[in-house]
Amino acid sequence: MADIAFEALSRWYGTSPRRTVLTDVSGHIRAGEFVVVVGRSGSGKSTLLNLLGGLDLPSRGTVRIDGTDIATLSDRALTALRRRRMGFVFQSYNLIATLSVADNLRLPLTLNGLADDGRVEGWLERVGLPGRGADWPDRLSGGEQQRVAIARALIHGPEFILADEPTGNLDLENAERIVGLLDALCRAEGRTLVMVTHAREVAGLADQLLTIRDGQLVAADAETTDDDSTPAEALS
Ligand SMILES: Nc1ncnc2c1ncn2[C@@H]1O[C@H](COP(=O)(O)OP(=O)(O)OP(=O)(O)O)[C@@H](O)[C@H]1O
């Protein structure tokens with residue numbers, strides 16, 4: 001199992017003026033950890049997650065996986081790394097509407113040259129949707145779609161799961177269920193989970209809390225009141 005080390009990560013856009021949205025963010029995510037990233041809207045959480053997942057490259061600084069700076073990888077190697085070793089969960093589920101639930105789950109298997117071998121039905125059972133493989137995604141509720149998306153992110157056995165506000169479109173009950181499910185599945189499988197969320201409550205489940213304020217990492221002992229969510233927005 002690998003870990004992710006990131007050092008002095010900065011990301012900026014444009015030239016004149018240059019707009020810096022992340023500044024000198026460093027840290028270390030150990031294999032099997034549940035890491036929660038919190039901070040106000042626009043503080044740079046998704047930017048950081050995208051850099052850690054190799055969906056974006058830093059303007060300065062490094063992300064190392066197994067000691068390899070991912071910016072040194074070819075496009076092909078970076079794509080292969082994301083496809084094999086990472087799983088992504090997004091706020092808007094991102095299921096493919098023209099594919100059945102089962103075919104959505106088969107995609108990462110096919111892309112990685114893996115056989116189904118009962119995995120699709122097995123994962124549907126694990127996320128509480130047994131026998132729903134023939135359904136179309138738009139026939140499912142939001143919470144159900146997100147459970148399919150979680151199964152799709154995990155089915156090929158990736159080491160790292162990166163989740164960007166996975167409960168953002170869900171009511172409180174579904175949100176709690178989704179966070180609990182992701183946490184339990186990742187822990188059961190020894191997967192590393194990095195989750196961006198507005199929900200402070202999730203922080204209690206985390207092994208490591210990263211608080212971002214205005215593009216910078218806030219020291220652990222300094223963070224307490226950075227988030228802007230209200231109790232009513234809990235887990236949303
Ligand atoms: N392609 C881009 N060009 C210019 N600015 C960008 C670009 N992408 C993101 N930003 C800016 O970077 C800042 C950080 O965005 P980011 O999405 O990381 O914030 P966030 O903390 O995830 O916010 P939210 O909680 O609202 O999703 C924002 O001010 C955003 O407008």
# chains A, B, ... in the order shown; residues from 1 in each chain; ligands from 1
$ residues_near_ligand --ligand "ligand 1" --cutoff "10 Å" --atoms "only C-alpha atoms and all ligand atoms" --output "PyMOL selection string"
chain A and resi 11-14+18-22+37-51+91+164-165+168+196-198+212-215+227-228
$ select_by_dssp --residues "region 88-217 of chain A" --states "alpha helix (DSSP H)" --output "PyMOL selection string"
chain A and resi 101-111+119-126+142-154+172-189
$ write_last_selection --atoms "N, CA and C atoms" --output "compact mmCIF listing (two decimals), in the first residue's frame"
# COMPACT_ATOMS: atom_id res chain seq x y z
N VAL A 101 -27.12 0.37 -14.41
CA VAL A 101 -26.33 0.39 -13.18
C VAL A 101 -25.20 -0.64 -13.26
N ALA A 102 -25.52 -1.85 -13.70
CA ALA A 102 -24.49 -2.91 -13.78
C ALA A 102 -23.38 -2.52 -14.76
N ASP A 103 -23.77 -1.93 -15.90
CA ASP A 103 -22.74 -1.54 -16.87
C ASP A 103 -21.89 -0.38 -16.36
N ASN A 104 -22.49 0.51 -15.57
CA ASN A 104 -21.68 1.55 -14.92
C ASN A 104 -20.61 0.90 -14.04
N LEU A 105 -21.01 -0.12 -13.30
CA LEU A 105 -20.06 -0.79 -12.40
C LEU A 105 -19.02 -1.59 -13.18
N ARG A 106 -19.40 -2.07 -14.36
CA ARG A 106 -18.45 -2.87 -15.15
C ARG A 106 -17.36 -2.01 -15.78
N LEU A 107 -17.63 -0.72 -15.94
CA LEU A 107 -16.67 0.15 -16.64
C LEU A 107 -15.25 0.08 -16.07
N PRO A 108 -15.08 0.32 -14.76
CA PRO A 108 -13.70 0.26 -14.24
C PRO A 108 -13.08 -1.13 -14.37
N LEU A 109 -13.93 -2.17 -14.35
CA LEU A 109 -13.39 -3.52 -14.53
C LEU A 109 -12.86 -3.67 -15.95
N THR A 110 -13.69 -3.25 -16.92
CA THR A 110 -13.29 -3.36 -18.32
C THR A 110 -12.02 -2.54 -18.58
N LEU A 111 -12.01 -1.30 -18.08
CA LEU A 111 -10.86 -0.43 -18.32
C LEU A 111 -9.58 -1.00 -17.73
N ARG A 119 -18.40 -9.75 -9.22
CA ARG A 119 -18.08 -8.53 -8.47
C ARG A 119 -19.21 -7.51 -8.52
N VAL A 120 -19.84 -7.38 -9.70
CA VAL A 120 -20.87 -6.34 -9.84
C VAL A 120 -22.00 -6.59 -8.85
N GLU A 121 -22.52 -7.81 -8.83
CA GLU A 121 -23.61 -8.09 -7.90
C GLU A 121 -23.11 -8.01 -6.45
N GLY A 122 -21.89 -8.47 -6.23
CA GLY A 122 -21.32 -8.41 -4.88
C GLY A 122 -21.26 -6.98 -4.36
N TRP A 123 -20.83 -6.05 -5.23
CA TRP A 123 -20.74 -4.66 -4.80
C TRP A 123 -22.11 -4.02 -4.67
N LEU A 124 -23.05 -4.42 -5.52
CA LEU A 124 -24.41 -3.90 -5.35
C LEU A 124 -24.96 -4.31 -3.98
N GLU A 125 -24.64 -5.53 -3.57
CA GLU A 125 -25.09 -5.98 -2.24
C GLU A 125 -24.41 -5.17 -1.14
N ARG A 126 -23.14 -4.92 -1.32
CA ARG A 126 -22.40 -4.20 -0.26
C ARG A 126 -22.89 -2.78 -0.08
N GLY A 142 -31.29 10.00 -5.39
CA GLY A 142 -29.95 10.58 -5.27
C GLY A 142 -29.04 9.73 -4.39
N GLY A 143 -29.57 9.30 -3.25
CA GLY A 143 -28.76 8.48 -2.34
C GLY A 143 -28.38 7.16 -2.98
N GLU A 144 -29.34 6.57 -3.72
CA GLU A 144 -29.05 5.31 -4.40
C GLU A 144 -28.01 5.50 -5.49
N GLN A 145 -28.13 6.60 -6.24
CA GLN A 145 -27.13 6.87 -7.28
C GLN A 145 -25.74 7.03 -6.67
N GLN A 146 -25.69 7.70 -5.52
CA GLN A 146 -24.38 7.89 -4.91
C GLN A 146 -23.83 6.56 -4.40
N ARG A 147 -24.71 5.65 -3.98
CA ARG A 147 -24.22 4.34 -3.55
C ARG A 147 -23.67 3.56 -4.74
N VAL A 148 -24.31 3.70 -5.90
CA VAL A 148 -23.76 3.07 -7.12
C VAL A 148 -22.40 3.69 -7.44
N ALA A 149 -22.32 5.01 -7.31
CA ALA A 149 -21.05 5.70 -7.62
C ALA A 149 -19.94 5.23 -6.67
N ILE A 150 -20.29 4.97 -5.41
CA ILE A 150 -19.30 4.48 -4.45
C ILE A 150 -18.84 3.08 -4.86
N ALA A 151 -19.80 2.23 -5.23
CA ALA A 151 -19.43 0.88 -5.68
C ALA A 151 -18.54 0.97 -6.91
N ARG A 152 -18.87 1.89 -7.82
CA ARG A 152 -18.07 2.04 -9.04
C ARG A 152 -16.65 2.52 -8.71
N ALA A 153 -16.53 3.35 -7.68
CA ALA A 153 -15.21 3.87 -7.31
C ALA A 153 -14.34 2.81 -6.66
N LEU A 154 -14.99 1.79 -6.06
CA LEU A 154 -14.22 0.80 -5.29
C LEU A 154 -14.06 -0.54 -5.98
N LEU A 172 -30.02 14.90 5.07
CA LEU A 172 -29.17 14.53 6.19
C LEU A 172 -29.07 13.02 6.39
N GLU A 173 -30.22 12.34 6.31
CA GLU A 173 -30.23 10.90 6.55
C GLU A 173 -29.38 10.16 5.52
N ASN A 174 -29.56 10.52 4.24
CA ASN A 174 -28.77 9.90 3.19
C ASN A 174 -27.30 10.27 3.29
N ALA A 175 -27.06 11.53 3.68
CA ALA A 175 -25.68 11.99 3.80
C ALA A 175 -24.94 11.18 4.86
N GLU A 176 -25.59 10.97 6.00
CA GLU A 176 -24.95 10.20 7.07
C GLU A 176 -24.68 8.77 6.60
N ARG A 177 -25.65 8.23 5.86
CA ARG A 177 -25.51 6.87 5.37
C ARG A 177 -24.33 6.75 4.40
N ILE A 178 -24.23 7.74 3.51
CA ILE A 178 -23.16 7.71 2.50
C ILE A 178 -21.79 7.83 3.16
N VAL A 179 -21.66 8.76 4.11
CA VAL A 179 -20.36 8.93 4.77
C VAL A 179 -20.00 7.66 5.54
N GLY A 180 -21.00 7.10 6.26
CA GLY A 180 -20.76 5.88 7.02
C GLY A 180 -20.35 4.73 6.12
N LEU A 181 -21.01 4.65 4.96
CA LEU A 181 -20.72 3.58 4.01
C LEU A 181 -19.30 3.72 3.45
N LEU A 182 -18.96 4.91 3.02
CA LEU A 182 -17.63 5.14 2.46
C LEU A 182 -16.56 4.82 3.50
N ASP A 183 -16.77 5.31 4.70
CA ASP A 183 -15.81 5.09 5.78
C ASP A 183 -15.66 3.59 6.04
N ALA A 184 -16.80 2.89 6.18
CA ALA A 184 -16.76 1.46 6.52
C ALA A 184 -16.11 0.65 5.40
N LEU A 185 -16.50 0.95 4.15
CA LEU A 185 -15.96 0.16 3.04
C LEU A 185 -14.46 0.39 2.88
N CYS A 186 -14.05 1.64 3.02
CA CYS A 186 -12.62 1.93 2.87
C CYS A 186 -11.83 1.30 4.01
N ARG A 187 -12.36 1.38 5.23
CA ARG A 187 -11.64 0.78 6.37
C ARG A 187 -11.59 -0.74 6.22
N ALA A 188 -12.72 -1.34 5.82
CA ALA A 188 -12.76 -2.81 5.68
C ALA A 188 -11.74 -3.29 4.66
N GLU A 189 -11.50 -2.47 3.64
CA GLU A 189 -10.61 -2.87 2.55
C GLU A 189 -9.22 -2.27 2.71
$ select_by_dssp --residues "region 38-234 of chain A" --states "strand (DSSP E or B)" --output "PyMOL selection string"
chain A and resi 38-39+60-65+68-69+86-90+160-164+192-196+208-213+216-218
$ atom_distance --atom1 "CA of Arg82 (chain A)" --atom2 "CA of Thr23 (chain A)"
24.2 Å
$ atom_distance --atom1 "CA of Met86 (chain A)" --atom2 "CA of Ile161 (chain A)"
5.7 Å
$ decode --residues "region 32-55 of chain A" --atoms "N, CA and C atoms" --output "PDB file, in the first residue's frame"
ATOM      1  N   GLY A  32      -4.351   3.800   4.140  1.00  0.00           N
ATOM      2  CA  GLY A  32      -5.444   3.369   5.006  1.00  0.00           C
ATOM      3  C   GLY A  32      -6.088   4.467   5.822  1.00  0.00           C
ATOM      4  N   GLU A  33      -5.561   5.691   5.733  1.00  0.00           N
ATOM      5  CA  GLU A  33      -6.144   6.781   6.522  1.00  0.00           C
ATOM      6  C   GLU A  33      -7.448   7.305   5.913  1.00  0.00           C
ATOM      7  N   PHE A  34      -8.277   7.872   6.778  1.00  0.00           N
ATOM      8  CA  PHE A  34      -9.446   8.636   6.339  1.00  0.00           C
ATOM      9  C   PHE A  34      -9.102  10.105   6.612  1.00  0.00           C
ATOM     10  N   VAL A  35      -8.930  10.851   5.537  1.00  0.00           N
ATOM     11  CA  VAL A  35      -8.541  12.254   5.644  1.00  0.00           C
ATOM     12  C   VAL A  35      -9.714  13.121   5.202  1.00  0.00           C
ATOM     13  N   VAL A  36     -10.068  14.078   6.035  1.00  0.00           N
ATOM     14  CA  VAL A  36     -11.171  14.978   5.709  1.00  0.00           C
ATOM     15  C   VAL A  36     -10.601  16.369   5.447  1.00  0.00           C
ATOM     16  N   VAL A  37     -11.049  16.979   4.348  1.00  0.00           N
ATOM     17  CA  VAL A  37     -10.613  18.331   3.980  1.00  0.00           C
ATOM     18  C   VAL A  37     -11.801  19.266   4.154  1.00  0.00           C
ATOM     19  N   VAL A  38     -11.657  20.248   5.029  1.00  0.00           N
ATOM     20  CA  VAL A  38     -12.742  21.199   5.262  1.00  0.00           C
ATOM     21  C   VAL A  38     -12.254  22.626   5.008  1.00  0.00           C
ATOM     22  N   GLY A  39     -13.207  23.526   4.904  1.00  0.00           N
ATOM     23  CA  GLY A  39     -12.887  24.942   4.688  1.00  0.00           C
ATOM     24  C   GLY A  39     -14.052  25.618   4.005  1.00  0.00           C
ATOM     25  N   ARG A  40     -14.019  26.936   4.018  1.00  0.00           N
ATOM     26  CA  ARG A  40     -15.098  27.710   3.411  1.00  0.00           C
ATOM     27  C   ARG A  40     -15.193  27.452   1.920  1.00  0.00           C
ATOM     28  N   SER A  41     -16.340  27.804   1.365  1.00  0.00           N
ATOM     29  CA  SER A  41     -16.532  27.730  -0.074  1.00  0.00           C
ATOM     30  C   SER A  41     -15.475  28.600  -0.766  1.00  0.00           C
ATOM     31  N   GLY A  42     -14.819  28.030  -1.775  1.00  0.00           N
ATOM     32  CA  GLY A  42     -13.809  28.785  -2.524  1.00  0.00           C
ATOM     33  C   GLY A  42     -12.443  28.818  -1.873  1.00  0.00           C
ATOM     34  N   SER A  43     -12.263  28.082  -0.773  1.00  0.00           N
ATOM     35  CA  SER A  43     -10.975  28.144  -0.065  1.00  0.00           C
ATOM     36  C   SER A  43      -9.887  27.320  -0.758  1.00  0.00           C
ATOM     37  N   GLY A  44     -10.285  26.394  -1.636  1.00  0.00           N
ATOM     38  CA  GLY A  44      -9.280  25.623  -2.364  1.00  0.00           C
ATOM     39  C   GLY A  44      -9.333  24.122  -2.112  1.00  0.00           C
ATOM     40  N   LYS A  45     -10.403  23.639  -1.508  1.00  0.00           N
ATOM     41  CA  LYS A  45     -10.503  22.213  -1.160  1.00  0.00           C
ATOM     42  C   LYS A  45     -10.485  21.317  -2.400  1.00  0.00           C
ATOM     43  N   SER A  46     -11.361  21.639  -3.369  1.00  0.00           N
ATOM     44  CA  SER A  46     -11.413  20.813  -4.585  1.00  0.00           C
ATOM     45  C   SER A  46     -10.105  20.915  -5.357  1.00  0.00           C
ATOM     46  N   THR A  47      -9.512  22.093  -5.346  1.00  0.00           N
ATOM     47  CA  THR A  47      -8.227  22.271  -6.021  1.00  0.00           C
ATOM     48  C   THR A  47      -7.207  21.306  -5.439  1.00  0.00           C
ATOM     49  N   LEU A  48      -7.149  21.238  -4.102  1.00  0.00           N
ATOM     50  CA  LEU A  48      -6.206  20.329  -3.446  1.00  0.00           C
ATOM     51  C   LEU A  48      -6.521  18.879  -3.797  1.00  0.00           C
ATOM     52  N   LEU A  49      -7.796  18.507  -3.719  1.00  0.00           N
ATOM     53  CA  LEU A  49      -8.179  17.118  -4.012  1.00  0.00           C
ATOM     54  C   LEU A  49      -7.799  16.745  -5.445  1.00  0.00           C
ATOM     55  N   ASN A  50      -8.052  17.659  -6.376  1.00  0.00           N
ATOM     56  CA  ASN A  50      -7.729  17.378  -7.776  1.00  0.00           C
ATOM     57  C   ASN A  50      -6.223  17.206  -7.990  1.00  0.00           C
ATOM     58  N   LEU A  51      -5.435  17.959  -7.235  1.00  0.00           N
ATOM     59  CA  LEU A  51      -3.983  17.802  -7.345  1.00  0.00           C
ATOM     60  C   LEU A  51      -3.544  16.466  -6.757  1.00  0.00           C
ATOM     61  N   LEU A  52      -4.143  16.079  -5.622  1.00  0.00           N
ATOM     62  CA  LEU A  52      -3.766  14.800  -4.996  1.00  0.00           C
ATOM     63  C   LEU A  52      -4.150  13.623  -5.879  1.00  0.00           C
ATOM     64  N   GLY A  53      -5.254  13.772  -6.618  1.00  0.00           N
ATOM     65  CA  GLY A  53      -5.720  12.690  -7.481  1.00  0.00           C
ATOM     66  C   GLY A  53      -5.148  12.736  -8.886  1.00  0.00           C
ATOM     67  N   GLY A  54      -4.256  13.662  -9.152  1.00  0.00           N
ATOM     68  CA  GLY A  54      -3.659  13.745 -10.485  1.00  0.00           C
ATOM     69  C   GLY A  54      -4.631  14.165 -11.564  1.00  0.00           C
ATOM     70  N   LEU A  55      -5.755  14.798 -11.154  1.00  0.00           N
ATOM     71  CA  LEU A  55      -6.699  15.323 -12.138  1.00  0.00           C
ATOM     72  C   LEU A  55      -6.222  16.681 -12.628  1.00  0.00           C
TER      73      LEU A  55
END
